[in-house]
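For reference, the structure discussed in these notes is given below.
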Amino acid sequence: MRFFTKSFFIISFWLFFGLIFAIPTEAAYHFANFRGKPPIHILGSIKKKPNGLTPDQIKKIYNLPASGGQGIIAIIGAYDDTRIESDLNIFSKTFGLPECTVKNGCFEKHLIASSTKYNSGWAGETSLDVEWAHAIAPSAKILLVEAQTPSGANLLKAIDYAANKSGVVAISMSWGGAEFPEETSLDSHFVSKSGAIFFASSGDNGSGASWPAASPNVVGVSGTSLKMNAQGGLISETAWAGSGGGVSLYEKQPDFQKDYVIPKAKGMRAIPDVAYDADPQTGFPIYRSSQSGKGGWYLVGGTSAGAPQWAAIQALGLTANNHNFYTDKSASNSDSYFRDIVSGNNGDCQYFCSARKHYDYVTGLGSPLTVHFN
């Protein structure tokens, strides 16, 4: 009996001791620790001329119109890209796009804090977001809202500014991070007074959910790989190995997913919703300058490329939202709305890491084939 008591005490002590340290480890990651990371990949070094997909090519691949767009596309970034307006217009001139400047009313930059510093990594993300949103919807206006830092609190301030701005039809968030317990209390930040639709990158680390793409008020955008022929035409589109996705730890399944019936979600939010090219091998050219003004062309990819371009699709048709997406995917003519991605994977977790017909946790409902959803 004495041995049992002593043994029980030792076991209980270590269980309790372990819990003391295990619980903080499990719960240590909260919103206060959140820092958004832009899922952008740069392939190769700076070039004097652009290479990669042109705006005309990507529009042909996804059956997008050559021109158009209305309202304001808000881009949420961090730090101050001091050269973005001039970079955007070098990009526009190169690809025959309309000029987009502060002077002609097409472009606006808003700093949440006047003391915001420059950051070269985020400047690359800003170039991708702004330039390619303009490329896809050249008649829409661009509002760049720059948070002082990529902390969760500062990014929310930038989101709130865009959400309260009249005329905004789409809000792009090409960044994300690990989920945290408080995220459900922040869903109200992704509701716009003007009815803007929010888009967020699903992440570039393969299988696993990220925030803010996990919010039911946000369209989660994942990544694909394109196979092209020698003439620049599309041969096939498959899941990109880096594409983020999975089942949320905290968000309940929204009605638009309940009605669609997603296998293995078990009542939780499934991510992503839609897909777009993200493979740097078939990536996007961006023009970026340093603070000194020395610039050049980079070839980039990542799910951060899809969020601003889906936001531009919303500006083109004003119907790109999750309710319409899942309704259209359930229709008998779903192939007129989405290219169903049925092959490729983003890990070794079997069902959750493999693309398949209808919905999957790597590419969602698929990539766009229209700007008009019902």
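Note on naming: chains are A, B, ... as they come in the structure tokens, residues start from 1 per chain, ligands start from 1 in the order shown.
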Near range 286-310 of chain A, 8 Å: range 52-116 of chain A residue rows, closest pairs, only C-alpha atoms, as a Markdown table:
```
| residue | atom | partner | partner_atom | distance |
| --- | --- | --- | --- | --- |
| A:Gly52 | CA | A:Leu299 | CA | 6.4 |
| A:Ile75 | CA | A:Pro308 | CA | 7.3 |
| A:Thr82 | CA | A:Gln291 | CA | 6.8 |
| A:Arg83 | CA | A:Ser289 | CA | 6.4 |
| A:Ile84 | CA | A:Arg288 | CA | 7.6 |
| A:Asp87 | CA | A:Tyr287 | CA | 5.9 |
| A:Leu88 | CA | A:Tyr287 | CA | 7.4 |
| A:Ile90 | CA | A:Tyr287 | CA | 7.2 |
| A:Phe91 | CA | A:Tyr287 | CA | 6.0 |
```
If you keep C-alpha atoms, can you produce a file of those selected residues as a tab-separated table (two decimals), in the first residue's frame?
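Okay, part_31.tsv is ready:
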```tsv
chain	number	residue	atom	x	y	z
A	52	GLY	CA	6.62	34.33	-66.94
A	75	ILE	CA	-4.97	45.68	-50.98
A	82	THR	CA	7.68	54.00	-51.17
A	83	ARG	CA	8.13	53.15	-54.87
A	84	ILE	CA	4.89	51.33	-55.61
A	87	ASP	CA	6.65	50.59	-60.21
A	88	LEU	CA	2.98	50.03	-61.05
A	90	ILE	CA	6.35	50.72	-65.39
A	91	PHE	CA	4.44	47.42	-65.15
```
TODO: Check range 120-264 of chain A with DSSP on the backbone and list each residue it calls alpha helix (DSSP H), as a count of residues only.
DONE: 35
Task: Residue with smallest distance to Pro38 in chain A - pool A:Pro50, A:Gly176, A:Pro98, A:Gly167, counting only C-alpha atoms - done: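 The shortest atom-to-atom distance to Pro38 in chain A comes from A:Gly176.
If only C-alpha atoms are the atoms counted, then among A:Gly203, A:Gly77, A:Gly69, A:Pro254 the closest residue to Ala311 in chain A is A:Gly69.
Candidate residues A:Asp80, A:Glu237, A:Asp328, A:Asp255 were compared for distance to Ala355 in chain A, and the nearest is A:Glu237, using only C-alpha atoms.
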TODO: Find the residue from A:Asn89, A:Thr184, A:Asn229, A:Ser334 that sits nearest to His134 in chain A; use only C-alpha atoms when measuring.
DONE: A:Asn89
Task: Nearest-residue call for Asn104 in chain A, choices A:Ser174, A:Ser139, A:Ser225, A:Gln350, using only C-alpha atoms - done: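 Selected residue with least distance to Asn104 in chain A: A:Ser139.
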Open item on the list: Could you list, as JSON, numbers by chain, every residue within 9 Å of Gly364 in chain A, counting only C-alpha atoms and ignoring same-chain residues fewer than 6 positions away?
Closed with: {"A": [220, 221, 222, 245, 270, 271, 272, 273, 274, 275, 340, 341, 355, 358]}
Task: Residues near Glu85 in chain A, cut-off 8 Å, only C-alpha atoms, skip fewer than 6 positions along chain, as a PyMOL selection string - done: chain A and resi 100-102+107
Store the residues picked out above, limited to N, CA and C atoms, as a compact mmCIF listing (two decimals), in the first residue's frame.
```txt
# COMPACT_ATOMS: atom_id res chain seq x y z
N CYS A 100 -2.21 54.05 -64.10
CA CYS A 100 -2.92 54.05 -62.82
C CYS A 100 -2.12 54.86 -61.82
N THR A 101 -2.55 56.09 -61.57
CA THR A 101 -1.79 57.01 -60.74
C THR A 101 -2.70 57.69 -59.72
N VAL A 102 -2.06 58.33 -58.77
CA VAL A 102 -2.81 59.15 -57.81
C VAL A 102 -3.47 60.32 -58.56
N PHE A 107 -5.24 55.28 -58.45
CA PHE A 107 -4.45 54.69 -57.37
C PHE A 107 -4.45 55.58 -56.14
```
Open item on the list: Give me, as a ChimeraX atom specification, all polymer residues having an atom no more than 9 Å from Gln70 in chain A, counting only C-alpha atoms and skipping those fewer than 5 positions away in the same chain.
Closed with: /A:137-141,169,315-318
Open item on the list: Please report the interatomic distance between CA of Leu155 in chain A and CA of Gly36 in chain A in Å with one decimal.
Closed with: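 So the two atoms, CA of Leu155 in chain A and CA of Gly36 in chain A, lie 7.9 Å apart.
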Task: Two-atom distance - CA of Pro280 in chain A, CA of Ala241 in chain A (Å) - done: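 About the pair CA of Pro280 in chain A and CA of Ala241 in chain A: they are 11.3 Å apart.
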Open item on the list: If I take CA of Gly267 in chain A and CA of Lys357 in chain A, how far is one from the other in Å, to one decimal?
Closed with: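 Distance reported for this atom pair: 20.7 Å.
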Open item on the list: Can you tell me, as a PyMOL selection string, which residues in range 42-73 of chain A count as strand (DSSP E) by DSSP?
Closed with: chain A and resi 42-47+72-73
Open item on the list: For a quick check of understanding, using only C-alpha atoms, which of A:Val219, A:Ser188, A:Gly344, A:Ile142 has the smallest distance to Gly71 in chain A?
Closed with: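 Residue with the minimum atom-to-atom distance to Gly71 in chain A: A:Ile142.
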Open item on the list: Using only C-alpha atoms, which protein or nucleic acid residues come within 10 Å of Ala320 in chain A? Drop anything in the same chain fewer than 3 positions from it, and give the result as a PyMOL selection string.
Closed with: chain A and resi 170+197-199+219+310-317+323-325+368+370-374
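Counting only C-alpha atoms, Glu182 in chain A has the following residues at most 9 Å away, ignoring those fewer than 2 positions along the same chain: His30, Phe31, Glu179, Phe180, Thr184, Ser185, Leu186 and Tyr250 of chain A.
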